[in-house]
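For reference, the structure is listed below as structure tokens.
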Protein chains: 2
Amino acid sequence: MSDAELDKTDRKILALLQDDARLTNNDIAERIHLSPSQCSRRRARLERDGLIAGYHARIDGEKAGFGLVNFISVTLSTHNRNNAARFAELMARLPEVQEAHALTGEMDYILRVVTRDLRGLSDFVNETLLPHEAVQNVKTSIVLQTLKDTSALPLDDS
Amino acid sequence: MSDAELDKTDRKILALLQDDARLTNNDIAERIHLSPSQCSRRRARLERDGLIAGYHARIDGEKAGFGLVNFISVTLSTHNRNNAARFAELMARLPEVQEAHALTGEMDYILRVVTRDLRGLSDFVNETLLPHEAVQNVKTSIVLQTLKDTSALPLDDS
DNA sequence: ATGAGCGGCGCAAGGTGTTTGCGTATTTGC
DNA sequence: GCAAATACGCAAACACCTTGCGCCGCTCAT
């Protein structure tokens, strides 16, 4: 199922559910001018084929007690497969790490990490990250203001 | 509604829905050992109070045709309120910008931007971002590998 | 040109899910 | 201790979802 096989109606379904996953098949069906049953089938296909990878509630971080969002750039001490695997394993074990990406550029990885406060950030960096034997260097930035924070793909919805 | 007023059951509801927003109130009710109607009421309260800020389908970027995830650091040309407002306005207008945060550190903003390919990235940087009068400097990194990519808050679920 | 096969579609029915009113139990504040 | 507020489960009415069926249109092979 590649891009070429998504028609305009599929895209519309994806965009609608990306925006509000609580829309009923009846709601969606009205907007795409199909019946609820056909809408249900198309949706099931998009799920089966992995276009829709999951459904999630977005929880308000501040209200839930997470005061800080941090971007942390990391350099590994030696670039070899063992260290990369060790680092990946570390990332998988830490629920406060929301994102971890290997990048082009001067730093090897960028992490997005949520903590309750500065103390939490300090602990994360000094007690968890820096002591890890694969980690050589760490640069931490704290988010001061968020202009936009979605995971939304630009699906050309309309 | 602060953190102190979320009990263990509320947290469990949040964690379950964060993980899978398609769980029915019946499913959730079983797991938190309440009735479906009480589960429904608690959920409604969490929504009303803004702890649950929304529900979204997660769309597979690659399958939907977005081959590149990019982190772009931006410096503004002059730090004043006008430029910051202009930049914020630009970010709001660009659906390919998923995230935009003002940060501590050497760069003013970090953006997460999805594009279909290198050409799309180049266009974004050279035709949209750099020509903007508020933008002075741009550093672009392309994601080579993603170890983790969630928006999940560590809610101490269990 | 024609017929077979396939995929998309809507209708309708049966099953599941949701919400709300009601009454009871528990907790909280004075 | 008492009254008020809150949390709870039950049950009923309504909404929603899925799937079998049949129809239609398109494509491909003969």
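In the structure tokens, the first chain shown is A, the next is B, and so on; residue numbers restart at 1 for each chain, and ligands run from 1 in the order shown.
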
task: Kindly determine which residues of chain A lie within 8 Å of chain D, considering only C-alpha atoms (C1' of nucleotides), and give the answer as a ChimeraX atom specification.
output: /A:24,26,37,40

At most 8 Å to chain A: residues in chain B, only C-alpha atoms, as a PyMOL selection string: chain B and resi 1-3+14+17-22+50-61+63-65+88+91-92+95-96+98-105+114+140-154

query: Which of these residues is nearest to A:Arg86, using only C-alpha atoms: A:His132, A:Lys12, A:Asp7, A:Glu30?
result: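 Of the candidates, the smallest distance to A:Arg86 is held by A:His132.
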
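One finds atom CA of B:Gln136 at 15.0 Å from atom CA of B:Ala85.
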
statement: Students should find that atom CA of A:Ala44 and atom CA of B:Arg43 are spaced 25.7 Å

message: To one decimal place in Å, what is the distance between atom CA of A:Arg116 and atom CA of B:Ile13?
response: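 Here the two named atoms are 19.9 Å from each other.
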
- request: With a cut-off of 10 Å and counting only C-alpha atoms (C1' of nucleotides), select all residues of chain C in contact with chain B and give the selection as a list in words.
  value: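 Close to chain B, chain C has DG17, DT18, DT19 and DT20 of chain C.
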
Would you write out those residues with all heavy atoms, as a short mmCIF file (atom, residue, chain, number, x, y, z; two decimals), in the first residue's frame?
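Written file, out.cif:
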```
data_model
loop_
_atom_site.label_atom_id
_atom_site.label_comp_id
_atom_site.auth_asym_id
_atom_site.auth_seq_id
_atom_site.Cartn_x
_atom_site.Cartn_y
_atom_site.Cartn_z
P DG C 17 -18.45 -3.81 23.17
OP1 DG C 17 -16.99 -3.77 22.96
OP2 DG C 17 -19.04 -4.47 24.36
"O5'" DG C 17 -19.00 -2.31 23.13
"C5'" DG C 17 -18.76 -1.53 21.97
"C4'" DG C 17 -19.22 -0.11 22.23
"O4'" DG C 17 -20.67 -0.06 22.16
"C3'" DG C 17 -18.83 0.44 23.60
"O3'" DG C 17 -18.33 1.76 23.38
"C2'" DG C 17 -20.13 0.41 24.41
"C1'" DG C 17 -21.18 0.58 23.31
N9 DG C 17 -22.48 -0.03 23.59
C8 DG C 17 -22.74 -1.33 23.93
N7 DG C 17 -24.02 -1.58 24.09
C5 DG C 17 -24.63 -0.37 23.82
C6 DG C 17 -26.01 -0.02 23.83
O6 DG C 17 -26.97 -0.73 24.07
N1 DG C 17 -26.21 1.33 23.49
C2 DG C 17 -25.19 2.22 23.21
N2 DG C 17 -25.58 3.46 22.92
N3 DG C 17 -23.91 1.90 23.19
C4 DG C 17 -23.70 0.60 23.51
P DT C 18 -17.97 2.69 24.62
OP1 DT C 18 -16.90 3.57 24.13
OP2 DT C 18 -17.82 1.91 25.86
"O5'" DT C 18 -19.30 3.56 24.76
"C5'" DT C 18 -19.77 4.31 23.64
"C4'" DT C 18 -20.79 5.31 24.12
"O4'" DT C 18 -22.03 4.63 24.37
"C3'" DT C 18 -20.42 6.03 25.41
"O3'" DT C 18 -20.62 7.42 25.20
"C2'" DT C 18 -21.35 5.44 26.47
"C1'" DT C 18 -22.54 4.99 25.64
N1 DT C 18 -23.28 3.80 26.14
C2 DT C 18 -24.67 3.88 26.21
O2 DT C 18 -25.31 4.86 25.89
N3 DT C 18 -25.27 2.72 26.63
C4 DT C 18 -24.66 1.54 27.01
O4 DT C 18 -25.31 0.58 27.37
C5 DT C 18 -23.22 1.55 26.93
C7 DT C 18 -22.45 0.34 27.31
C6 DT C 18 -22.60 2.66 26.49
P DT C 19 -20.25 8.48 26.31
OP1 DT C 19 -19.73 9.63 25.57
OP2 DT C 19 -19.45 7.82 27.36
"O5'" DT C 19 -21.66 8.86 26.93
"C5'" DT C 19 -22.74 9.15 26.06
"C4'" DT C 19 -24.02 9.23 26.84
"O4'" DT C 19 -24.47 7.91 27.21
"C3'" DT C 19 -23.93 10.03 28.14
"O3'" DT C 19 -25.08 10.85 28.18
"C2'" DT C 19 -23.96 8.96 29.22
"C1'" DT C 19 -24.85 7.92 28.57
N1 DT C 19 -24.70 6.53 29.06
C2 DT C 19 -25.85 5.77 29.21
O2 DT C 19 -26.96 6.21 28.98
N3 DT C 19 -25.64 4.48 29.62
C4 DT C 19 -24.43 3.89 29.91
O4 DT C 19 -24.38 2.72 30.27
C5 DT C 19 -23.28 4.73 29.73
C7 DT C 19 -21.92 4.18 30.01
C6 DT C 19 -23.46 6.00 29.32
P DT C 20 -25.13 12.22 29.02
OP1 DT C 20 -25.31 13.28 28.00
OP2 DT C 20 -23.99 12.24 29.96
"O5'" DT C 20 -26.47 12.09 29.85
"C5'" DT C 20 -27.61 11.48 29.24
"C4'" DT C 20 -28.49 10.89 30.32
"O4'" DT C 20 -28.08 9.52 30.60
"C3'" DT C 20 -28.45 11.62 31.66
"O3'" DT C 20 -29.76 11.70 32.15
"C2'" DT C 20 -27.58 10.73 32.53
"C1'" DT C 20 -28.00 9.37 32.00
N1 DT C 20 -27.06 8.26 32.28
C2 DT C 20 -27.57 6.99 32.43
O2 DT C 20 -28.75 6.73 32.34
N3 DT C 20 -26.63 6.01 32.67
C4 DT C 20 -25.28 6.20 32.79
O4 DT C 20 -24.53 5.25 33.00
C5 DT C 20 -24.80 7.55 32.64
C7 DT C 20 -23.34 7.84 32.76
C6 DT C 20 -25.71 8.51 32.38
#
```

List every residue of chain A that DSSP, applied to the backbone, labels as helix (DSSP H, G or I), and write the result as a short mmCIF file (atom, residue, chain, number, x, y, z; two decimals) with N, CA, C and O atoms, in the first residue's frame.
```cif
data_model
loop_
_atom_site.label_atom_id
_atom_site.label_comp_id
_atom_site.auth_asym_id
_atom_site.auth_seq_id
_atom_site.Cartn_x
_atom_site.Cartn_y
_atom_site.Cartn_z
N ASP A 3 1.81 5.30 -1.39
CA ASP A 3 1.15 6.60 -1.48
C ASP A 3 0.20 6.66 -2.68
O ASP A 3 -0.89 7.21 -2.62
N ALA A 4 0.69 6.05 -3.78
CA ALA A 4 -0.07 6.14 -5.02
C ALA A 4 -1.44 5.49 -4.92
O ALA A 4 -2.32 5.76 -5.70
N GLU A 5 -1.59 4.63 -3.92
CA GLU A 5 -2.85 3.91 -3.83
C GLU A 5 -3.82 4.49 -2.81
O GLU A 5 -4.83 3.91 -2.52
N LYS A 8 -8.32 10.19 -2.79
CA LYS A 8 -8.65 11.43 -2.10
C LYS A 8 -9.52 11.18 -0.87
O LYS A 8 -9.37 11.84 0.17
N THR A 9 -10.39 10.17 -1.00
CA THR A 9 -11.28 9.86 0.13
C THR A 9 -10.50 9.25 1.29
O THR A 9 -10.74 9.58 2.45
N ASP A 10 -9.56 8.35 0.98
CA ASP A 10 -8.70 7.80 2.03
C ASP A 10 -7.94 8.91 2.76
O ASP A 10 -7.82 8.90 3.99
N ARG A 11 -7.42 9.82 1.99
CA ARG A 11 -6.68 10.93 2.60
C ARG A 11 -7.55 11.74 3.54
O ARG A 11 -7.12 12.16 4.60
N LYS A 12 -8.77 11.94 3.09
CA LYS A 12 -9.70 12.70 3.90
C LYS A 12 -10.00 11.98 5.22
O LYS A 12 -10.05 12.60 6.28
N ILE A 13 -10.16 10.67 5.13
CA ILE A 13 -10.38 9.88 6.34
C ILE A 13 -9.19 10.01 7.29
O ILE A 13 -9.35 10.23 8.49
N LEU A 14 -8.00 9.87 6.74
CA LEU A 14 -6.79 9.99 7.56
C LEU A 14 -6.70 11.36 8.22
O LEU A 14 -6.41 11.47 9.41
N ALA A 15 -6.97 12.39 7.46
CA ALA A 15 -6.86 13.74 8.00
C ALA A 15 -7.89 13.97 9.11
O ALA A 15 -7.57 14.55 10.15
N LEU A 16 -9.10 13.49 8.88
CA LEU A 16 -10.15 13.67 9.89
C LEU A 16 -9.80 12.94 11.18
O LEU A 16 -9.96 13.49 12.27
N LEU A 17 -9.33 11.70 11.07
CA LEU A 17 -9.00 10.92 12.27
C LEU A 17 -7.73 11.41 12.94
O LEU A 17 -7.58 11.31 14.15
N GLN A 18 -6.79 11.92 12.12
CA GLN A 18 -5.60 12.51 12.72
C GLN A 18 -6.00 13.68 13.61
O GLN A 18 -5.46 13.88 14.68
N ASP A 19 -6.95 14.43 13.14
CA ASP A 19 -7.38 15.62 13.88
C ASP A 19 -8.26 15.27 15.09
O ASP A 19 -8.11 15.84 16.15
N ASN A 25 -17.78 6.68 12.81
CA ASN A 25 -17.82 6.35 11.39
C ASN A 25 -19.00 7.06 10.71
O ASN A 25 -18.91 7.43 9.53
N ASN A 26 -20.07 7.26 11.47
CA ASN A 26 -21.21 8.01 10.93
C ASN A 26 -20.82 9.46 10.59
O ASN A 26 -21.16 9.97 9.52
N ASP A 27 -20.13 10.12 11.52
CA ASP A 27 -19.65 11.49 11.28
C ASP A 27 -18.78 11.55 10.03
O ASP A 27 -18.95 12.39 9.16
N ILE A 28 -17.80 10.66 10.00
CA ILE A 28 -16.84 10.66 8.89
C ILE A 28 -17.56 10.38 7.57
O ILE A 28 -17.30 11.03 6.56
N ALA A 29 -18.46 9.41 7.63
CA ALA A 29 -19.17 9.02 6.41
C ALA A 29 -19.91 10.21 5.78
O ALA A 29 -19.90 10.38 4.57
N GLU A 30 -20.51 11.01 6.64
CA GLU A 30 -21.20 12.21 6.13
C GLU A 30 -20.25 13.14 5.40
O GLU A 30 -20.59 13.72 4.38
N ARG A 31 -19.05 13.27 5.98
CA ARG A 31 -18.12 14.24 5.43
C ARG A 31 -17.44 13.75 4.15
O ARG A 31 -16.95 14.56 3.36
N ILE A 32 -17.38 12.43 3.98
CA ILE A 32 -16.76 11.92 2.75
C ILE A 32 -17.81 11.45 1.75
O ILE A 32 -17.49 10.90 0.70
N PRO A 36 -21.91 4.78 6.20
CA PRO A 36 -21.12 4.36 7.36
C PRO A 36 -20.46 2.99 7.18
O PRO A 36 -19.36 2.78 7.68
N SER A 37 -21.10 2.10 6.50
CA SER A 37 -20.49 0.77 6.35
C SER A 37 -19.26 0.82 5.44
O SER A 37 -18.24 0.20 5.72
N GLN A 38 -19.35 1.57 4.36
CA GLN A 38 -18.19 1.68 3.49
C GLN A 38 -17.06 2.45 4.17
O GLN A 38 -15.89 2.13 4.01
N CYS A 39 -17.45 3.44 4.93
CA CYS A 39 -16.47 4.17 5.71
C CYS A 39 -15.76 3.23 6.67
O CYS A 39 -14.53 3.26 6.81
N SER A 40 -16.52 2.39 7.35
CA SER A 40 -15.96 1.41 8.27
C SER A 40 -14.96 0.49 7.57
O SER A 40 -13.88 0.20 8.09
N ARG A 41 -15.31 0.06 6.39
CA ARG A 41 -14.42 -0.84 5.65
C ARG A 41 -13.13 -0.15 5.20
O ARG A 41 -12.04 -0.72 5.25
N ARG A 42 -13.26 1.08 4.74
CA ARG A 42 -12.06 1.81 4.33
C ARG A 42 -11.14 2.07 5.52
O ARG A 42 -9.93 1.91 5.43
N ARG A 43 -11.76 2.41 6.62
CA ARG A 43 -10.99 2.66 7.83
C ARG A 43 -10.27 1.39 8.26
O ARG A 43 -9.09 1.43 8.62
N ALA A 44 -10.98 0.27 8.22
CA ALA A 44 -10.38 -1.01 8.59
C ALA A 44 -9.20 -1.34 7.68
O ALA A 44 -8.18 -1.86 8.13
N ARG A 45 -9.34 -1.02 6.40
CA ARG A 45 -8.24 -1.27 5.48
C ARG A 45 -7.04 -0.41 5.81
O ARG A 45 -5.90 -0.86 5.80
N LEU A 46 -7.27 0.86 6.09
CA LEU A 46 -6.19 1.77 6.45
C LEU A 46 -5.49 1.31 7.73
O LEU A 46 -4.27 1.44 7.87
N GLU A 47 -6.25 0.75 8.66
CA GLU A 47 -5.66 0.21 9.88
C GLU A 47 -4.86 -1.06 9.59
O GLU A 47 -3.72 -1.22 10.03
N ARG A 48 -5.43 -1.96 8.83
CA ARG A 48 -4.80 -3.23 8.50
C ARG A 48 -3.49 -3.01 7.75
O ARG A 48 -2.51 -3.72 7.95
N ARG A 81 28.88 -0.23 16.62
CA ARG A 81 27.56 -0.83 16.70
C ARG A 81 27.17 -1.17 18.15
O ARG A 81 26.01 -1.08 18.53
N ASN A 82 28.15 -1.50 18.93
CA ASN A 82 27.88 -1.84 20.32
C ASN A 82 27.33 -0.65 21.11
O ASN A 82 26.35 -0.76 21.82
N ASN A 83 28.00 0.49 20.96
CA ASN A 83 27.53 1.68 21.65
C ASN A 83 26.17 2.14 21.16
O ASN A 83 25.33 2.57 21.95
N ALA A 84 25.96 2.08 19.89
CA ALA A 84 24.66 2.47 19.33
C ALA A 84 23.55 1.56 19.87
O ALA A 84 22.48 2.03 20.25
N ALA A 85 23.84 0.28 19.95
CA ALA A 85 22.85 -0.67 20.47
C ALA A 85 22.59 -0.41 21.95
O ALA A 85 21.46 -0.48 22.42
N ARG A 86 23.67 -0.12 22.67
CA ARG A 86 23.52 0.17 24.11
C ARG A 86 22.69 1.41 24.34
O ARG A 86 21.88 1.48 25.26
N PHE A 87 22.96 2.40 23.49
CA PHE A 87 22.22 3.65 23.63
C PHE A 87 20.74 3.45 23.29
O PHE A 87 19.86 3.96 23.98
N ALA A 88 20.48 2.69 22.26
CA ALA A 88 19.10 2.41 21.86
C ALA A 88 18.36 1.69 22.99
O ALA A 88 17.20 1.96 23.28
N GLU A 89 19.06 0.80 23.62
CA GLU A 89 18.49 0.04 24.74
C GLU A 89 18.16 0.97 25.92
O GLU A 89 17.11 0.84 26.55
N LEU A 90 19.07 1.89 26.15
CA LEU A 90 18.82 2.88 27.21
C LEU A 90 17.57 3.70 26.90
O LEU A 90 16.72 3.91 27.77
N MET A 91 17.48 4.17 25.69
CA MET A 91 16.32 4.97 25.29
C MET A 91 15.01 4.21 25.47
O MET A 91 14.01 4.76 25.93
N ALA A 92 15.04 2.95 25.14
CA ALA A 92 13.82 2.14 25.24
C ALA A 92 13.38 1.97 26.69
O ALA A 92 12.20 1.79 26.98
N ARG A 93 14.33 2.06 27.62
CA ARG A 93 14.04 1.83 29.04
C ARG A 93 13.52 3.06 29.77
O ARG A 93 13.10 2.96 30.92
N LEU A 118 13.08 21.22 37.03
CA LEU A 118 14.53 21.31 36.80
C LEU A 118 15.28 20.18 37.51
O LEU A 118 16.28 19.66 37.01
N ARG A 119 14.82 19.86 38.69
CA ARG A 119 15.46 18.79 39.45
C ARG A 119 15.40 17.47 38.67
O ARG A 119 16.37 16.73 38.57
N GLY A 120 14.22 17.23 38.12
CA GLY A 120 14.04 16.02 37.31
C GLY A 120 14.96 16.01 36.09
O GLY A 120 15.54 14.98 35.74
N LEU A 121 15.10 17.18 35.49
CA LEU A 121 16.01 17.27 34.34
C LEU A 121 17.45 17.03 34.75
O LEU A 121 18.18 16.26 34.10
N SER A 122 17.84 17.66 35.83
CA SER A 122 19.20 17.50 36.33
C SER A 122 19.50 16.03 36.64
O SER A 122 20.54 15.49 36.26
N ASP A 123 18.55 15.38 37.31
CA ASP A 123 18.72 13.95 37.62
C ASP A 123 18.86 13.13 36.35
O ASP A 123 19.71 12.25 36.26
N PHE A 124 17.98 13.44 35.41
CA PHE A 124 18.03 12.68 34.15
C PHE A 124 19.40 12.80 33.48
O PHE A 124 20.01 11.81 33.07
N VAL A 125 19.87 14.02 33.38
CA VAL A 125 21.14 14.24 32.69
C VAL A 125 22.32 13.68 33.49
O VAL A 125 23.16 12.94 32.97
N ASN A 126 22.36 14.01 34.76
CA ASN A 126 23.54 13.68 35.59
C ASN A 126 23.54 12.27 36.16
O ASN A 126 24.59 11.74 36.48
N GLU A 127 22.38 11.71 36.35
CA GLU A 127 22.32 10.39 36.98
C GLU A 127 22.03 9.27 35.99
O GLU A 127 22.25 8.10 36.29
N THR A 128 21.44 9.63 34.88
CA THR A 128 21.01 8.60 33.94
C THR A 128 21.80 8.66 32.63
O THR A 128 22.29 7.64 32.14
N LEU A 129 21.92 9.87 32.11
CA LEU A 129 22.48 9.99 30.76
C LEU A 129 24.01 10.03 30.77
O LEU A 129 24.67 9.18 30.18
#
```

- request: Show which residues sit within 7 Å of A:Val138, as an MDAnalysis selection string. Count only C-alpha atoms (C1' of nucleotides), and ignore same-chain residues fewer than 3 positions away.
  value: chainID A and resid 72:75

query: Got a sec to tell me which of stretch 14-76 of chain A DSSP assigns to strand (DSSP E), as a list of chain:residue names?
result: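 The strand (DSSP E) subset of stretch 14-76 of chain A is A:Ile52, A:Ala53, A:Gly54, A:Tyr55, A:His56, A:Ala57, A:Arg58, A:Ile59, A:Leu68, A:Val69, A:Asn70, A:Phe71, A:Ile72, A:Ser73, A:Val74, A:Thr75, A:Leu76.
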
Please save C-alpha atoms of the selected residues as a PDB file, in the first residue's frame.
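In the end it all went to again28.pdb:
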```pdb
ATOM      1  CA  ILE A  52      -3.287   4.264  10.720  1.00  0.00           C
ATOM      2  CA  ALA A  53      -0.688   3.038  13.180  1.00  0.00           C
ATOM      3  CA  GLY A  54      -2.674   3.648  16.347  1.00  0.00           C
ATOM      4  CA  TYR A  55      -4.973   5.896  18.290  1.00  0.00           C
ATOM      5  CA  HIS A  56      -3.902   7.958  21.275  1.00  0.00           C
ATOM      6  CA  ALA A  57      -5.301  10.408  23.753  1.00  0.00           C
ATOM      7  CA  ARG A  58      -3.240  13.586  23.984  1.00  0.00           C
ATOM      8  CA  ILE A  59      -2.631  14.303  27.629  1.00  0.00           C
ATOM      9  CA  LEU A  68       9.521  20.873  31.472  1.00  0.00           C
ATOM     10  CA  VAL A  69      10.028  19.797  27.894  1.00  0.00           C
ATOM     11  CA  ASN A  70      13.701  19.493  27.012  1.00  0.00           C
ATOM     12  CA  PHE A  71      15.682  18.881  23.867  1.00  0.00           C
ATOM     13  CA  ILE A  72      18.909  17.087  24.562  1.00  0.00           C
ATOM     14  CA  SER A  73      21.612  16.518  21.984  1.00  0.00           C
ATOM     15  CA  VAL A  74      23.933  13.597  22.614  1.00  0.00           C
ATOM     16  CA  THR A  75      27.266  12.507  21.194  1.00  0.00           C
ATOM     17  CA  LEU A  76      28.373   8.917  21.683  1.00  0.00           C
TER      18      LEU A  76
END
```
